[in-house]
file run.txt (compact mmCIF, C-alpha atoms)
# COMPACT_ATOMS: atom_id res chain seq x y z
CA MET A 1 10.27 15.98 -64.22
CA ALA A 2 6.88 16.80 -65.72
CA THR A 3 6.72 13.22 -66.96
CA GLU A 4 7.44 12.05 -63.44
CA ALA A 5 4.42 14.01 -62.18
CA THR A 6 2.05 12.57 -64.78
CA HIS A 7 3.43 9.11 -64.07
CA GLY A 8 2.63 9.51 -60.38
CA ALA A 9 -0.89 10.76 -61.13
CA GLU A 10 -1.48 7.82 -63.46
CA MET A 11 -0.32 5.39 -60.81
CA ALA A 12 -2.62 6.99 -58.23
CA GLU A 13 -5.59 6.71 -60.57
CA HIS A 14 -4.69 3.15 -61.35
CA GLY A 15 -4.55 2.34 -57.64
CA ALA A 16 -7.96 3.93 -57.06
CA ASP A 17 -9.46 1.92 -59.91
CA ALA A 18 -8.04 -1.33 -58.64
CA GLY A 19 -9.40 -0.64 -55.15
CA GLY A 20 -5.94 -0.92 -53.64
CA LEU A 21 -3.68 1.92 -52.54
CA VAL A 22 -5.24 5.30 -53.25
CA PHE A 23 -1.79 6.84 -53.44
CA HIS A 24 1.49 5.63 -54.79
CA PRO A 25 4.26 5.35 -52.16
CA MET A 26 6.59 7.36 -54.40
CA ASP A 27 4.10 10.23 -54.88
CA GLN A 28 5.70 12.12 -52.00
CA PHE A 29 8.86 12.64 -54.05
CA ILE A 30 7.18 14.39 -56.98
CA VAL A 31 8.66 17.79 -57.70
CA LYS A 32 5.85 20.25 -58.42
CA PRO A 33 5.76 23.99 -58.92
CA LEU A 34 4.53 25.99 -55.92
CA PHE A 35 2.55 28.46 -58.01
CA GLY A 36 0.40 27.25 -60.90
CA ASP A 37 0.61 23.94 -62.72
CA GLY A 38 3.19 24.71 -65.38
CA ALA A 39 6.12 22.53 -66.35
CA VAL A 40 9.13 22.46 -64.03
CA GLY A 41 11.90 24.45 -65.65
CA MET A 42 15.35 25.54 -64.57
CA PHE A 43 14.14 28.50 -62.46
CA THR A 44 10.67 27.33 -61.41
CA ILE A 45 9.99 27.76 -57.71
CA THR A 46 9.08 24.24 -56.62
CA ASN A 47 8.43 22.50 -53.32
CA VAL A 48 12.15 21.58 -53.33
CA THR A 49 13.00 25.28 -53.38
CA LEU A 50 10.58 25.93 -50.52
CA TRP A 51 11.95 23.19 -48.26
CA MET A 52 15.56 24.07 -49.01
CA ALA A 53 14.78 27.67 -48.10
CA ILE A 54 13.13 26.51 -44.87
CA ALA A 55 16.23 24.42 -44.11
CA ILE A 56 18.47 27.47 -44.63
CA LEU A 57 16.19 29.57 -42.39
CA VAL A 58 16.23 26.92 -39.66
CA ILE A 59 20.03 26.62 -39.78
CA THR A 60 20.43 30.40 -39.71
CA GLY A 61 18.00 30.70 -36.84
CA LEU A 62 19.76 27.98 -34.86
CA MET A 63 23.36 28.95 -35.52
CA VAL A 64 23.15 32.77 -35.75
CA LEU A 65 20.20 33.78 -33.58
CA GLY A 66 20.66 30.88 -31.15
CA THR A 67 24.22 31.85 -30.30
CA SER A 68 23.83 35.63 -30.61
CA ARG A 69 23.35 36.18 -26.86
CA ARG A 70 26.53 34.30 -25.96
CA ALA A 71 25.20 33.50 -22.51
CA VAL A 72 27.53 31.84 -20.02
CA ILE A 73 24.66 29.55 -19.10
CA PRO A 74 23.46 28.61 -22.59
CA SER A 75 19.83 28.57 -23.58
CA ARG A 76 18.47 25.42 -25.23
CA SER A 77 19.07 26.60 -28.79
CA GLN A 78 22.52 27.87 -27.89
CA SER A 79 23.56 24.56 -26.39
CA VAL A 80 22.26 22.65 -29.43
CA ALA A 81 24.27 24.97 -31.72
CA GLU A 82 27.37 24.61 -29.53
CA MET A 83 27.00 20.83 -29.40
CA ALA A 84 26.71 20.60 -33.20
CA TYR A 85 29.75 22.86 -33.63
CA GLY A 86 31.85 20.92 -31.13
CA PHE A 87 30.77 17.57 -32.56
CA ILE A 88 31.81 18.42 -36.12
CA TYR A 89 34.96 20.24 -35.00
CA LYS A 90 36.13 17.17 -33.10
CA MET A 91 35.24 14.89 -36.02
CA VAL A 92 37.27 16.94 -38.50
CA GLU A 93 40.19 17.12 -36.07
CA ASP A 94 40.13 13.36 -35.34
CA VAL A 95 39.64 12.10 -38.90
CA ALA A 96 41.24 14.70 -41.18
CA GLY A 97 43.92 15.92 -38.77
CA LYS A 98 44.85 19.38 -37.50
CA ASP A 99 45.49 20.79 -40.97
CA GLY A 100 42.04 19.65 -42.07
CA LEU A 101 40.53 22.27 -39.77
CA THR A 102 41.05 24.89 -42.51
CA TYR A 103 38.12 23.26 -44.31
CA PHE A 104 35.95 22.98 -41.19
CA PRO A 105 33.42 25.66 -42.33
CA TYR A 106 32.63 23.70 -45.50
CA ILE A 107 32.16 20.43 -43.65
CA MET A 108 30.05 22.10 -40.95
CA THR A 109 27.84 23.62 -43.68
CA LEU A 110 27.42 20.24 -45.35
CA PHE A 111 26.50 18.53 -42.09
CA MET A 112 24.02 21.18 -40.98
CA PHE A 113 22.32 21.28 -44.39
CA ILE A 114 21.95 17.50 -44.63
CA VAL A 115 20.88 16.89 -41.05
CA VAL A 116 18.34 19.74 -41.06
CA SER A 117 16.95 18.68 -44.47
CA ASN A 118 16.62 15.10 -43.23
CA PHE A 119 14.83 16.15 -40.05
CA LEU A 120 12.53 18.59 -41.88
CA GLY A 121 11.64 15.76 -44.24
CA LEU A 122 10.34 13.77 -41.27
CA ILE A 123 7.62 16.33 -40.61
CA PRO A 124 4.40 14.83 -42.03
CA MET A 125 3.35 16.33 -45.39
CA SER A 126 6.74 17.97 -45.86
CA PHE A 127 9.13 17.36 -48.72
CA THR A 128 12.49 15.65 -48.25
CA THR A 129 15.03 17.43 -50.43
CA THR A 130 17.80 14.94 -49.64
CA SER A 131 15.70 12.06 -51.01
CA HIS A 132 16.47 13.26 -54.54
CA PHE A 133 19.59 12.04 -56.27
CA ALA A 134 19.81 15.41 -58.04
CA VAL A 135 20.46 17.09 -54.69
CA THR A 136 22.85 14.56 -53.16
CA VAL A 137 24.81 14.04 -56.39
CA VAL A 138 25.52 17.78 -56.51
CA LEU A 139 26.67 17.71 -52.87
CA ALA A 140 28.89 14.67 -53.48
CA LEU A 141 30.34 16.05 -56.71
CA CYS A 142 31.20 19.30 -54.93
CA VAL A 143 33.03 17.28 -52.27
CA PHE A 144 34.78 15.18 -54.94
CA LEU A 145 35.94 18.20 -56.97
CA THR A 146 36.98 20.15 -53.87
CA VAL A 147 38.97 17.25 -52.49
CA THR A 148 40.68 16.50 -55.81
CA ILE A 149 41.62 20.16 -56.33
CA ILE A 150 42.90 20.45 -52.74
CA GLY A 151 44.95 17.29 -53.27
CA PHE A 152 46.64 18.60 -56.39
CA VAL A 153 47.15 22.13 -55.01
CA LYS A 154 48.64 20.91 -51.70
CA ASN A 155 50.75 18.02 -53.01
CA GLY A 156 51.23 18.70 -56.71
CA ALA A 157 51.90 15.61 -58.80
CA SER A 158 52.79 13.58 -55.71
CA PHE A 159 49.03 13.45 -55.02
CA LEU A 160 49.05 10.62 -57.57
CA SER A 161 50.98 8.49 -55.06
CA LEU A 162 47.54 7.94 -53.51
CA PHE A 163 47.04 5.40 -56.30
CA TRP A 164 50.52 3.85 -56.03
CA VAL A 165 50.43 1.68 -52.92
CA SER A 166 54.10 1.69 -51.91
CA SER A 167 53.61 -0.80 -49.08
CA ALA A 168 52.47 -3.55 -51.51
CA PRO A 169 54.82 -5.90 -53.41
CA LEU A 170 56.08 -4.32 -56.64
CA ALA A 171 54.34 -6.84 -58.92
CA LEU A 172 50.95 -6.08 -57.36
CA ARG A 173 51.24 -2.31 -57.53
CA PRO A 174 49.94 -1.77 -61.11
CA VAL A 175 46.91 -3.96 -60.39
CA LEU A 176 46.27 -2.12 -57.14
CA ALA A 177 46.70 1.20 -58.94
CA ILE A 178 43.87 0.32 -61.32
CA ILE A 179 41.65 -0.74 -58.42
CA GLU A 180 42.53 2.40 -56.47
CA ILE A 181 41.74 4.65 -59.45
CA ILE A 182 38.37 2.95 -60.01
CA SER A 183 37.51 3.19 -56.33
CA TYR A 184 38.52 6.86 -56.34
CA PHE A 185 36.15 7.68 -59.18
CA VAL A 186 33.17 5.76 -57.81
CA ARG A 187 33.43 7.68 -54.54
CA PRO A 188 30.90 10.37 -55.55
CA VAL A 189 28.51 7.62 -56.73
CA SER A 190 28.41 5.70 -53.45
CA HIS A 191 28.69 8.93 -51.44
CA SER A 192 25.54 10.41 -52.98
CA ILE A 193 23.41 7.30 -53.47
CA ARG A 194 23.96 6.18 -49.86
CA LEU A 195 22.29 9.32 -48.54
CA ALA A 196 19.46 9.62 -51.08
CA GLY A 197 18.81 5.87 -51.13
CA ASN A 198 18.54 5.54 -47.36
CA VAL A 199 16.29 8.57 -46.96
CA MET A 200 14.09 7.69 -49.95
CA ALA A 201 13.72 4.03 -48.96
CA GLY A 202 12.75 4.90 -45.39
CA HIS A 203 10.11 7.40 -46.47
CA ALA A 204 8.71 4.99 -49.07
CA VAL A 205 8.43 2.24 -46.42
CA ILE A 206 6.48 4.59 -44.13
CA LYS A 207 4.10 5.37 -47.01
CA VAL A 208 3.64 1.68 -47.84
CA PHE A 209 2.63 0.98 -44.24
CA ALA A 210 0.37 4.04 -44.36
CA GLY A 211 -1.36 2.37 -47.31
CA PHE A 212 -1.86 -0.80 -45.24
CA ALA A 213 -3.42 1.32 -42.48
CA GLY A 214 -6.43 1.78 -44.77
CA LEU A 215 -7.30 -1.90 -44.42
CA ALA A 216 -9.33 -2.32 -41.25
CA LEU A 217 -8.01 -5.79 -40.43
CA ILE A 218 -4.34 -4.87 -40.10
CA SER A 219 -4.56 -1.15 -39.41
CA PRO A 220 -3.54 -1.32 -35.69
CA LEU A 221 -0.50 -3.37 -36.65
CA SER A 222 0.51 -0.99 -39.40
CA VAL A 223 0.06 2.10 -37.21
CA VAL A 224 2.43 0.49 -34.68
CA ALA A 225 4.81 -0.32 -37.54
CA ILE A 226 4.69 3.28 -38.81
CA THR A 227 5.56 4.54 -35.32
CA ALA A 228 8.46 2.10 -35.00
CA ILE A 229 9.82 2.86 -38.48
CA TYR A 230 9.46 6.59 -37.83
CA GLY A 231 11.69 6.19 -34.77
CA LEU A 232 14.19 4.29 -36.89
CA GLU A 233 14.03 7.03 -39.53
CA VAL A 234 14.88 9.72 -36.98
CA MET A 235 18.04 7.74 -36.24
CA VAL A 236 18.76 7.14 -39.93
CA ALA A 237 18.34 10.86 -40.67
CA PHE A 238 21.12 11.68 -38.22
CA VAL A 239 23.37 8.71 -38.98
CA GLN A 240 23.31 9.31 -42.73
CA ALA A 241 24.24 12.97 -42.27
CA TYR A 242 27.03 11.83 -39.93
CA VAL A 243 28.26 9.21 -42.43
CA PHE A 244 28.22 11.72 -45.29
CA THR A 245 30.25 14.16 -43.21
CA ILE A 246 32.73 11.61 -41.89
CA LEU A 247 33.36 10.29 -45.41
CA THR A 248 34.02 13.86 -46.53
CA CYS A 249 36.61 14.04 -43.74
CA VAL A 250 38.17 10.73 -44.87
CA TYR A 251 38.43 11.96 -48.46
CA LEU A 252 39.90 15.21 -47.21
CA LYS A 253 42.50 13.29 -45.20
CA ASP A 254 43.44 11.36 -48.36
CA ALA A 255 43.87 14.65 -50.21
CA LEU A 256 46.01 16.23 -47.50
CA HIS A 257 48.14 13.15 -46.79
CA PRO A 258 48.10 10.95 -49.92
CA HIS A 259 51.05 8.79 -48.87
CA HIS A 260 50.01 5.36 -47.67
CA MET B 1 9.98 -9.50 -73.11
CA GLU B 2 13.14 -7.49 -72.83
CA GLY B 3 11.54 -5.19 -70.26
CA GLN B 4 10.48 -8.18 -68.19
CA LEU B 5 14.02 -9.58 -68.30
CA ALA B 6 15.26 -6.20 -67.08
CA HIS B 7 12.87 -6.45 -64.13
CA ILE B 8 14.17 -9.94 -63.31
CA GLY B 9 17.70 -8.59 -63.50
CA ALA B 10 16.77 -5.75 -61.17
CA GLY B 11 15.41 -8.28 -58.69
CA LEU B 12 18.62 -10.30 -58.90
CA ALA B 13 20.64 -7.13 -58.34
CA GLY B 14 18.56 -6.64 -55.21
CA LEU B 15 20.26 -9.75 -53.79
CA GLY B 16 23.44 -7.69 -53.64
CA THR B 17 21.87 -5.18 -51.27
CA GLY B 18 20.85 -8.02 -48.98
CA LEU B 19 24.37 -9.40 -49.01
CA ALA B 20 25.70 -5.93 -48.19
CA ALA B 21 23.42 -6.07 -45.14
CA LEU B 22 25.31 -9.22 -44.07
CA GLY B 23 28.57 -7.32 -44.47
CA VAL B 24 27.36 -4.34 -42.45
CA GLY B 25 26.08 -6.67 -39.74
CA ASN B 26 29.44 -8.40 -39.67
CA VAL B 27 31.26 -5.09 -39.15
CA ALA B 28 28.89 -4.04 -36.36
CA ALA B 29 29.00 -7.46 -34.67
CA ASN B 30 32.78 -7.53 -34.62
CA PHE B 31 32.88 -3.99 -33.32
CA LEU B 32 30.51 -4.92 -30.52
CA SER B 33 32.43 -8.03 -29.51
CA GLY B 34 35.62 -5.99 -29.46
CA ALA B 35 33.95 -3.17 -27.57
CA LEU B 36 32.66 -5.52 -24.88
CA ARG B 37 36.16 -6.85 -24.29
CA ASN B 38 37.60 -3.37 -23.90
CA PRO B 39 34.79 -0.86 -23.35
CA SER B 40 37.16 2.00 -22.53
CA ALA B 41 38.62 1.92 -26.06
CA ALA B 42 35.23 1.63 -27.79
CA ALA B 43 34.24 5.30 -27.77
CA SER B 44 37.36 6.34 -29.66
CA GLN B 45 36.65 3.84 -32.44
CA THR B 46 33.07 4.78 -33.38
CA ALA B 47 34.35 6.88 -36.29
CA THR B 48 36.23 3.85 -37.61
CA LEU B 49 33.07 1.79 -37.14
CA PHE B 50 31.04 4.15 -39.30
CA ILE B 51 33.74 4.34 -41.97
CA GLY B 52 33.85 0.53 -42.07
CA ILE B 53 30.07 0.33 -42.31
CA ALA B 54 30.07 2.93 -45.09
CA PHE B 55 32.63 1.00 -47.13
CA ALA B 56 30.81 -2.30 -46.65
CA GLU B 57 27.58 -0.60 -47.63
CA ALA B 58 29.10 0.97 -50.76
CA LEU B 59 29.09 -2.35 -52.63
CA GLY B 60 25.43 -2.87 -51.76
CA ILE B 61 24.80 0.60 -53.13
CA PHE B 62 26.40 -0.39 -56.43
CA SER B 63 24.00 -3.30 -56.83
CA PHE B 64 21.12 -0.97 -55.89
CA LEU B 65 22.39 1.36 -58.63
CA VAL B 66 22.42 -1.53 -61.12
CA ALA B 67 18.83 -2.32 -60.12
CA LEU B 68 17.82 1.31 -60.62
CA LEU B 69 19.51 1.44 -64.01
CA LEU B 70 17.76 -1.77 -65.09
CA MET B 71 14.39 -0.45 -63.93
CA PHE B 72 14.54 3.07 -65.34
CA ALA B 73 17.40 3.40 -67.83
CA VAL B 74 17.44 0.15 -69.84

call {"tool": "encode", "arguments": {"input": "run.txt", "output": "structure tokens"}}
result
Amino acid sequence: MATEATHGAEMAEHGADAGGLVFHPMDQFIVKPLFGDGAVGMFTITNVTLWMAIAILVITGLMVLGTSRRAVIPSRSQSVAEMAYGFIYKMVEDVAGKDGLTYFPYIMTLFMFIVVSNFLGLIPMSFTTTSHFAVTVVLALCVFLTVTIIGFVKNGASFLSLFWVSSAPLALRPVLAIIEIISYFVRPVSHSIRLAGNVMAGHAVIKVFAGFAGLALISPLSVVAITAIYGLEVMVAFVQAYVFTILTCVYLKDALHPHH
Amino acid sequence: MEGQLAHIGAGLAGLGTGLAALGVGNVAANFLSGALRNPSAAASQTATLFIGIAFAEALGIFSFLVALLLMFAV
């Protein structure tokens, strides 16, 4: 990661020399230590740590403090917390089924963490933790391992019937089994890269237009474009968290009911 | 030379993400035409819509991954 930082600095210098962009659009994703300029190690407190901690504080404040008064007429924070709870509860119930509700706390935690991280990343000058593959791959691998373990614990060896499509003609089943197994193992790949890719691409596009805003001729146009893309990004931040969560529910449904 | 070929390959892999956009648009368009015929059933199918979009998008993500690998890993 230290090499990443030097790379970014080099690119910025290069841009300044060439008289073009004074910053690189990807500079915003550099992981740097909060205190001092040392190398980033396993336990260094970085800006990622800071913004993850802020995300946890925001979620705790919203979900614990917001609902602590339990008013009959909810305050604003209480109704946001209740809406989020009801939204995810209904999603788990609809997609994963009644018996999927056992795992509701995990899915709620995932959704709140991703949606709050995405929204915090939209604050100017902040750091988007979910734009890093390292973060989303860990989230997706946790989902993958959890779902696979649940599948084997709940169904035993008959979980493998997920790969044996019994509704297909017998001759096709081995071929389909191979395809099903491949598609099962690429789930964490697409699951994680979808989130990080969407968030990273959106933020990079905003920064590219911010670079254009330095040119006097097209600056009004690019400021309008930044505003429009920012609005789109607010939507993407929510939709990607929603898609991540709903796919978790789909995978959970496959684990609980593997029979086609 | 090899590095330049990798960049060309990454650009070609980028075509896949554009084609995935066609797929996602197709899913959304068909959902909308169905939803306009029977608006009362549309709300219950938004989850299916997003799952369909996610699966269509997954293949675009694989070509994006290939592009990333060609840019930074090869």

call {"tool": "closest_atom_pairs", "arguments": {"input": "run.txt", "of": "chain B", "to": "chain A", "cutoff": "10 Å", "atoms": "only C-alpha atoms", "output": "Markdown table"}}
result
| residue | atom | partner | partner_atom | distance |
| --- | --- | --- | --- | --- |
| B:Ser44 | CA | A:Asp94 | CA | 9.4 |
| B:Ala47 | CA | A:Ile246 | CA | 7.5 |
| B:Thr48 | CA | A:Val95 | CA | 9.0 |
| B:Phe50 | CA | A:Val243 | CA | 6.6 |
| B:Ile51 | CA | A:Leu247 | CA | 6.9 |
| B:Ile53 | CA | A:Val243 | CA | 9.1 |
| B:Ala54 | CA | A:Val243 | CA | 7.1 |
| B:Phe55 | CA | A:Ser190 | CA | 8.9 |
| B:Glu57 | CA | A:Arg194 | CA | 8.0 |
| B:Ala58 | CA | A:Ser190 | CA | 5.5 |
| B:Leu59 | CA | A:Ser190 | CA | 8.1 |
| B:Gly60 | CA | A:Ser190 | CA | 9.2 |
| B:Ile61 | CA | A:Ser190 | CA | 6.3 |
| B:Phe62 | CA | A:Ser190 | CA | 7.1 |
| B:Phe64 | CA | A:Gly197 | CA | 8.6 |
| B:Leu65 | CA | A:Ile193 | CA | 7.9 |

call {"tool": "residues_around", "arguments": {"input": "run.txt", "residues": "Val66 (chain B)", "least_positions_apart": "5", "cutoff": "10 Å", "atoms": "all atoms listed in the file", "output": "PDB file with C-alpha atoms, keeping the file's coordinate frame"}}
result
ATOM      1  CA  GLY B   9      17.700  -8.590 -63.500  1.00  0.00           C
ATOM      2  CA  ALA B  10      16.770  -5.750 -61.170  1.00  0.00           C
ATOM      3  CA  LEU B  12      18.620 -10.300 -58.900  1.00  0.00           C
ATOM      4  CA  ALA B  13      20.640  -7.130 -58.340  1.00  0.00           C
ATOM      5  CA  GLY B  14      18.560  -6.640 -55.210  1.00  0.00           C
ATOM      6  CA  GLY B  16      23.440  -7.690 -53.640  1.00  0.00           C
ATOM      7  CA  GLY B  60      25.430  -2.870 -51.760  1.00  0.00           C
ATOM      8  CA  ILE B  61      24.800   0.600 -53.130  1.00  0.00           C
ATOM      9  CA  MET B  71      14.390  -0.450 -63.930  1.00  0.00           C
ATOM     10  CA  ALA B  73      17.400   3.400 -67.830  1.00  0.00           C
TER      11      ALA B  73
END

call {"tool": "atom_distance", "arguments": {"input": "run.txt", "atom1": "CA of Val224 (chain A)", "atom2": "CA of Phe127 (chain A)"}}
result
22.9 Å

call {"tool": "atom_distance", "arguments": {"input": "run.txt", "atom1": "CA of Glu180 (chain A)", "atom2": "CA of Leu19 (chain B)"}}
result
22.9 Å

call {"tool": "residues_around", "arguments": {"input": "run.txt", "residues": "Tyr251 (chain A)", "least_positions_apart": "6", "cutoff": "12 Å", "atoms": "all atoms listed in the file", "output": "list of chain:residue names"}}
result
A:Val92, A:Val95, A:Ala96, A:Gly97, A:Gly100, A:Ile107, A:Ala140, A:Val143, A:Phe144, A:Leu145, A:Thr146, A:Val147, A:Thr148, A:Ile149, A:Ile150, A:Gly151, A:Leu162, A:Ser183, A:Tyr184, A:Phe185, A:Arg187, A:Pro188, A:His191, A:Phe244, A:Thr245, A:His257, A:Pro258, B:Ile51

call {"tool": "atom_distance", "arguments": {"input": "run.txt", "atom1": "CA of Gly18 (chain B)", "atom2": "CA of Ile178 (chain A)"}}
result
27.4 Å

call {"tool": "decode", "arguments": {"input": "run.txt", "residues": "region 48-66 of chain B", "atoms": "N, CA and C atoms", "output": "PDB file, in the first residue's frame"}}
result
ATOM      1  N   THR B  48     -37.209  -9.145  -7.467  1.00  0.00           N
ATOM      2  CA  THR B  48     -36.828  -9.966  -8.616  1.00  0.00           C
ATOM      3  C   THR B  48     -36.092  -9.133  -9.650  1.00  0.00           C
ATOM      4  N   LEU B  49     -36.560  -7.879  -9.833  1.00  0.00           N
ATOM      5  CA  LEU B  49     -35.909  -6.975 -10.786  1.00  0.00           C
ATOM      6  C   LEU B  49     -34.448  -6.783 -10.406  1.00  0.00           C
ATOM      7  N   PHE B  50     -34.207  -6.513  -9.115  1.00  0.00           N
ATOM      8  CA  PHE B  50     -32.831  -6.232  -8.706  1.00  0.00           C
ATOM      9  C   PHE B  50     -31.965  -7.486  -8.781  1.00  0.00           C
ATOM     10  N   ILE B  51     -32.552  -8.644  -8.483  1.00  0.00           N
ATOM     11  CA  ILE B  51     -31.784  -9.879  -8.601  1.00  0.00           C
ATOM     12  C   ILE B  51     -31.412 -10.119 -10.061  1.00  0.00           C
ATOM     13  N   GLY B  52     -32.379  -9.874 -10.970  1.00  0.00           N
ATOM     14  CA  GLY B  52     -32.108 -10.043 -12.398  1.00  0.00           C
ATOM     15  C   GLY B  52     -31.031  -9.093 -12.878  1.00  0.00           C
ATOM     16  N   ILE B  53     -31.117  -7.835 -12.418  1.00  0.00           N
ATOM     17  CA  ILE B  53     -30.104  -6.846 -12.803  1.00  0.00           C
ATOM     18  C   ILE B  53     -28.742  -7.287 -12.284  1.00  0.00           C
ATOM     19  N   ALA B  54     -28.713  -7.783 -11.052  1.00  0.00           N
ATOM     20  CA  ALA B  54     -27.438  -8.176 -10.450  1.00  0.00           C
ATOM     21  C   ALA B  54     -26.808  -9.313 -11.230  1.00  0.00           C
ATOM     22  N   PHE B  55     -27.635 -10.285 -11.667  1.00  0.00           N
ATOM     23  CA  PHE B  55     -27.067 -11.413 -12.403  1.00  0.00           C
ATOM     24  C   PHE B  55     -26.602 -10.993 -13.792  1.00  0.00           C
ATOM     25  N   ALA B  56     -27.354 -10.083 -14.424  1.00  0.00           N
ATOM     26  CA  ALA B  56     -26.925  -9.602 -15.741  1.00  0.00           C
ATOM     27  C   ALA B  56     -25.633  -8.813 -15.616  1.00  0.00           C
ATOM     28  N   GLU B  57     -25.518  -8.083 -14.494  1.00  0.00           N
ATOM     29  CA  GLU B  57     -24.355  -7.234 -14.293  1.00  0.00           C
ATOM     30  C   GLU B  57     -23.122  -8.067 -13.956  1.00  0.00           C
ATOM     31  N   ALA B  58     -23.337  -9.255 -13.376  1.00  0.00           N
ATOM     32  CA  ALA B  58     -22.215 -10.069 -12.911  1.00  0.00           C
ATOM     33  C   ALA B  58     -21.234 -10.365 -14.044  1.00  0.00           C
ATOM     34  N   LEU B  59     -21.778 -10.626 -15.249  1.00  0.00           N
ATOM     35  CA  LEU B  59     -20.891 -10.971 -16.365  1.00  0.00           C
ATOM     36  C   LEU B  59     -20.098  -9.760 -16.822  1.00  0.00           C
ATOM     37  N   GLY B  60     -20.708  -8.564 -16.718  1.00  0.00           N
ATOM     38  CA  GLY B  60     -19.948  -7.352 -16.995  1.00  0.00           C
ATOM     39  C   GLY B  60     -18.825  -7.178 -15.981  1.00  0.00           C
ATOM     40  N   ILE B  61     -19.126  -7.561 -14.730  1.00  0.00           N
ATOM     41  CA  ILE B  61     -18.112  -7.446 -13.687  1.00  0.00           C
ATOM     42  C   ILE B  61     -16.936  -8.369 -13.976  1.00  0.00           C
ATOM     43  N   PHE B  62     -17.214  -9.536 -14.554  1.00  0.00           N
ATOM     44  CA  PHE B  62     -16.100 -10.438 -14.859  1.00  0.00           C
ATOM     45  C   PHE B  62     -15.179  -9.823 -15.904  1.00  0.00           C
ATOM     46  N   SER B  63     -15.761  -9.146 -16.906  1.00  0.00           N
ATOM     47  CA  SER B  63     -14.877  -8.542 -17.907  1.00  0.00           C
ATOM     48  C   SER B  63     -14.133  -7.346 -17.315  1.00  0.00           C
ATOM     49  N   PHE B  64     -14.788  -6.634 -16.380  1.00  0.00           N
ATOM     50  CA  PHE B  64     -14.096  -5.557 -15.655  1.00  0.00           C
ATOM     51  C   PHE B  64     -12.926  -6.140 -14.871  1.00  0.00           C
ATOM     52  N   LEU B  65     -13.152  -7.317 -14.267  1.00  0.00           N
ATOM     53  CA  LEU B  65     -12.095  -7.987 -13.500  1.00  0.00           C
ATOM     54  C   LEU B  65     -10.929  -8.356 -14.412  1.00  0.00           C
ATOM     55  N   VAL B  66     -11.264  -8.874 -15.608  1.00  0.00           N
ATOM     56  CA  VAL B  66     -10.210  -9.226 -16.569  1.00  0.00           C
ATOM     57  C   VAL B  66      -9.410  -7.978 -16.931  1.00  0.00           C
TER      58      VAL B  66
END
